[in-house]
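**Student:** Quick one: the structure is below, questions incoming.
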Amino acid sequence: MSPDRVLEIVIQIAVLLFAVSFHESAHGWMALRCGDTTAHDLGRITMNPLRHLDPVGSLLFPAMLAFAGLPVFGWAKPVPVSLRGVPNPRRANLLISAVGPLSNLLLAFVSLIVLKGLAMAGQGRGSALIEIAIAALVVNVSLGVFNLLPIPPLDGFGVVESLAPPGAIPAVIWLRRYGFLILFVAMFTGVLRMIMTPVSNLILHGMAWVLS
């Protein structure tokens, strides 16, 4: 493996660690705003990746993807949330769930701004700053879109669960039970890629249009 490829993998994993740390911290910050101090008390509202590190999801899995030439992807330890005693738990669950993927889309937009600024300053492909900005853009859009999927245990399911009418409770319970299975089937059959790719491209084009 060439030194350039090794450097690219290191950049992608470093960007992923920052992205998932920001994502989990956003959950904890919103939980604190809603009245739950659990994440704050455990020191999880921080950008220190060691506080959020999942050895498999944050290092081993993304490294395997990177060495296989696939897009880097992964996860961190979920921030613990307790809605017991929180005013309006449904609203709190909605906000806490939504803020994670939205935080990644915000990072992606900032990365695109930085990328455009670097390009205007004459930086080109091969520049370390350009490669970091591109990696940050791709990783954060992918994380944001993935986590918005309405499948347990992803954040999108928390959003749907919070908005679901009482009559949808049986479906919610069923999805809770089989969410992991549905997610793994979607991943290994290619359905997940079929969903994520056009949505990610749409978001990227939308961001580019805003900055044009």
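FYI, nothing fancy with the structure tokens labels: chains A, B, ... in order, residues from 1 per chain, ligands from 1 as they appear.
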Write out as a Markdown table the residues of stretch 61-154 of chain A that have any atom within 12 Å of an atom of stretch 45-50 of chain A, one row each with the nearest atom pair and its distance in Å to one decimal, counting only C-alpha atoms, sorted by chain and then rising number.

**Tutor:**
```
| residue | atom | partner | partner_atom | distance |
| --- | --- | --- | --- | --- |
| A:Trp75 | CA | A:Pro49 | CA | 11.4 |
| A:Ala76 | CA | A:Pro49 | CA | 8.8 |
| A:Lys77 | CA | A:Pro49 | CA | 10.2 |
| A:Pro78 | CA | A:Ile45 | CA | 11.7 |
| A:Val79 | CA | A:Ile45 | CA | 8.7 |
| A:Pro80 | CA | A:Ile45 | CA | 10.9 |
| A:Val81 | CA | A:Ile45 | CA | 12.0 |
```

**Student:** Would you mind exporting N, CA and C atoms of the selected residues as an mmCIF file, in the first residue's frame?

**Tutor:**
```cif
data_model
loop_
_atom_site.group_PDB
_atom_site.id
_atom_site.type_symbol
_atom_site.label_atom_id
_atom_site.label_comp_id
_atom_site.auth_asym_id
_atom_site.auth_seq_id
_atom_site.Cartn_x
_atom_site.Cartn_y
_atom_site.Cartn_z
ATOM 1 N N TRP A 75 -19.284 4.354 13.856
ATOM 2 C CA TRP A 75 -20.161 4.877 14.894
ATOM 3 C C TRP A 75 -19.395 5.032 16.194
ATOM 4 N N ALA A 76 -19.996 5.718 17.151
ATOM 5 C CA ALA A 76 -19.405 5.910 18.478
ATOM 6 C C ALA A 76 -20.335 5.308 19.523
ATOM 7 N N LYS A 77 -19.886 5.299 20.771
ATOM 8 C CA LYS A 77 -20.768 4.865 21.853
ATOM 9 C C LYS A 77 -21.934 5.836 21.956
ATOM 10 N N PRO A 78 -23.165 5.354 21.956
ATOM 11 C CA PRO A 78 -24.314 6.260 22.081
ATOM 12 C C PRO A 78 -24.276 7.024 23.406
ATOM 13 N N VAL A 79 -24.635 8.279 23.339
ATOM 14 C CA VAL A 79 -24.742 9.082 24.564
ATOM 15 C C VAL A 79 -25.970 8.618 25.349
ATOM 16 N N PRO A 80 -25.812 8.304 26.638
ATOM 17 C CA PRO A 80 -26.982 7.878 27.427
ATOM 18 C C PRO A 80 -27.937 9.039 27.665
ATOM 19 N N VAL A 81 -29.210 8.762 27.503
ATOM 20 C CA VAL A 81 -30.252 9.777 27.686
ATOM 21 C C VAL A 81 -31.343 9.182 28.576
#
```

**Student:** When DSSP works through the backbone of this structure, what residues of stretch 67-179 of chain A end up as helix (DSSP H, G or I), shown as number ranges by chain?

**Tutor:** A: 67, 89-120, 128-147, 155-163, 166-179

**Student:** With distances taken over only C-alpha atoms, which of A:Thr197, A:Val139, A:Ala208, A:Met187 is nearest to A:Ala14?

**Tutor:**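 Comparing A:Thr197, A:Val139, A:Ala208, A:Met187 against A:Ala14, the winner is A:Val139.
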
**Student:** Choose the residue, out of A:Leu94, A:Ile195, A:Leu202, A:Ile9, that has the smallest atom-to-atom separation from A:Ala68; count only C-alpha atoms.

**Tutor:**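 Among the listed residues, the smallest separation from A:Ala68 belongs to A:Ile9.
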
**Student:** Find the residues around A:Ser212 up to 10 Å (only C-alpha atoms counted), leave out those fewer than 5 positions away in its own chain, and share them as number ranges by chain.

**Tutor:** A: 116, 206-207

**Student:** Would you export the selected residues with N, CA and C atoms as a PDB file, in the first residue's frame, please?

**Tutor:**
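See result02.pdb below for the written result:
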```
ATOM      1  N   LYS A 116     -14.514  25.291  -0.718  1.00  0.00           N
ATOM      2  CA  LYS A 116     -14.639  26.322  -1.753  1.00  0.00           C
ATOM      3  C   LYS A 116     -13.628  27.436  -1.525  1.00  0.00           C
ATOM      4  N   GLY A 206     -27.683  20.495  -3.214  1.00  0.00           N
ATOM      5  CA  GLY A 206     -28.389  21.584  -2.532  1.00  0.00           C
ATOM      6  C   GLY A 206     -27.433  22.526  -1.811  1.00  0.00           C
ATOM      7  N   MET A 207     -26.463  21.956  -1.124  1.00  0.00           N
ATOM      8  CA  MET A 207     -25.460  22.782  -0.432  1.00  0.00           C
ATOM      9  C   MET A 207     -24.647  23.612  -1.442  1.00  0.00           C
TER      10      MET A 207
END
```

**Student:** Give me the residues within 9 Å of A:Ala135 as a PyMOL selection string, counting only C-alpha atoms and dropping any in the same chain fewer than 6 places off.

**Tutor:** chain A and resi 8+11-12+15-16+111

**Student:** Sorted by chain and rising residue number, which residues of stretch 145-177 of chain A lie within 9 Å of stretch 84-90 of chain A, and what are their closest atom pairs and distances in Å to one decimal, counting only C-alpha atoms, as a tab-separated table?

**Tutor:**
```
residue	atom	partner	partner_atom	distance
A:Glu161	CA	A:Arg90	CA	8.5
A:Ser162	CA	A:Arg90	CA	5.2
A:Leu163	CA	A:Arg90	CA	7.8
```

**Student:** Could you save those same residues with N, CA and C atoms as a CSV table (one decimal), in the first residue's frame?

**Tutor:**
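As written to disk, part.csv reads:
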```csv
chain,number,residue,atom,x,y,z
A,161,GLU,N,-40.7,8.1,15.8
A,161,GLU,CA,-41.4,7.6,17.1
A,161,GLU,C,-42.0,8.7,17.8
A,162,SER,N,-41.3,9.9,17.8
A,162,SER,CA,-41.8,11.0,18.6
A,162,SER,C,-43.0,11.7,17.9
A,163,LEU,N,-43.1,11.5,16.6
A,163,LEU,CA,-44.2,12.1,15.8
A,163,LEU,C,-45.4,11.2,15.6
```

**Student:** Tell me which of A:Leu183, A:Val56, A:Ile130, A:Ile203 sits closest to A:Gly117, counting only C-alpha atoms.

**Tutor:**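 Once distances to A:Gly117 are computed over only C-alpha atoms, the minimum belongs to A:Ile130.
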
**Student:** By how many Å are atom CA of A:Leu148 and atom CA of A:Leu102 apart?

**Tutor:**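 Going from atom CA of A:Leu148 over to atom CA of A:Leu102, I get 8.7 Å.
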
**Student:** Taking only C-alpha atoms into account, which of A:Met64, A:Ile151, A:Ile96, A:Val114 comes nearest A:Gly179?

**Tutor:**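 Closest candidate: A:Ile151.
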
**Student:** Could you please determine the separation between atom CA of A:Pro62 and atom CA of A:Gly74 in Å, to one decimal place?

**Tutor:**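 A separation of 5.6 Å between them.
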
**Student:** How many Å separate atom CA of A:Leu70 from atom CA of A:Ser2?

**Tutor:**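 Atom-to-atom, atom CA of A:Leu70 to atom CA of A:Ser2, that is 16.3 Å.
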
**Student:** Neighbours of A:Leu154 within 10 Å (only C-alpha atoms; same-chain residues fewer than 2 positions away dropped), as a list of chain:residue names?

**Tutor:** A:Ser97, A:Gly100, A:Pro101, A:Phe146, A:Asn147, A:Leu148, A:Leu149, A:Pro150, A:Ile151, A:Pro152, A:Gly156, A:Phe157, A:Gly158, A:Val159, A:Gly179, A:Phe180, A:Leu183

**Student:** Could the residues in this selection be saved with C-alpha atoms as an mmCIF file, in the first residue's frame?

**Tutor:**
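The resulting file, part_39.cif, is reproduced below:
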```cif
data_model
loop_
_atom_site.group_PDB
_atom_site.id
_atom_site.type_symbol
_atom_site.label_atom_id
_atom_site.label_comp_id
_atom_site.auth_asym_id
_atom_site.auth_seq_id
_atom_site.Cartn_x
_atom_site.Cartn_y
_atom_site.Cartn_z
ATOM 1 C CA SER A 97 -32.843 12.466 18.042
ATOM 2 C CA GLY A 100 -27.371 14.322 15.885
ATOM 3 C CA PRO A 101 -27.731 13.927 12.110
ATOM 4 C CA PHE A 146 -27.575 7.305 7.448
ATOM 5 C CA ASN A 147 -28.691 8.397 10.901
ATOM 6 C CA LEU A 148 -31.854 10.010 9.521
ATOM 7 C CA LEU A 149 -33.127 6.643 8.294
ATOM 8 C CA PRO A 150 -36.270 5.697 10.277
ATOM 9 C CA ILE A 151 -34.884 2.337 11.433
ATOM 10 C CA PRO A 152 -34.005 1.501 15.061
ATOM 11 C CA GLY A 156 -34.429 8.896 12.326
ATOM 12 C CA PHE A 157 -36.470 6.313 14.163
ATOM 13 C CA GLY A 158 -36.447 8.518 17.271
ATOM 14 C CA VAL A 159 -37.866 11.349 15.161
ATOM 15 C CA GLY A 179 -34.727 -2.848 13.613
ATOM 16 C CA PHE A 180 -31.201 -4.283 13.719
ATOM 17 C CA LEU A 183 -30.716 -2.543 9.012
#
```

**Student:** Given the choices A:Ala98, A:Ala39, A:Ile169, A:Leu137, which gets closest to A:Asn201 if the distance is worked out from only C-alpha atoms?

**Tutor:**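 So, comparing all the options, the nearest one is A:Leu137.
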
**Student:** In terms of the shortest atom-to-atom distance over only C-alpha atoms, which of A:Thr38, A:Ser103, A:Ser58, A:Arg51 is closest to A:Ala26?

**Tutor:** A:Ser103
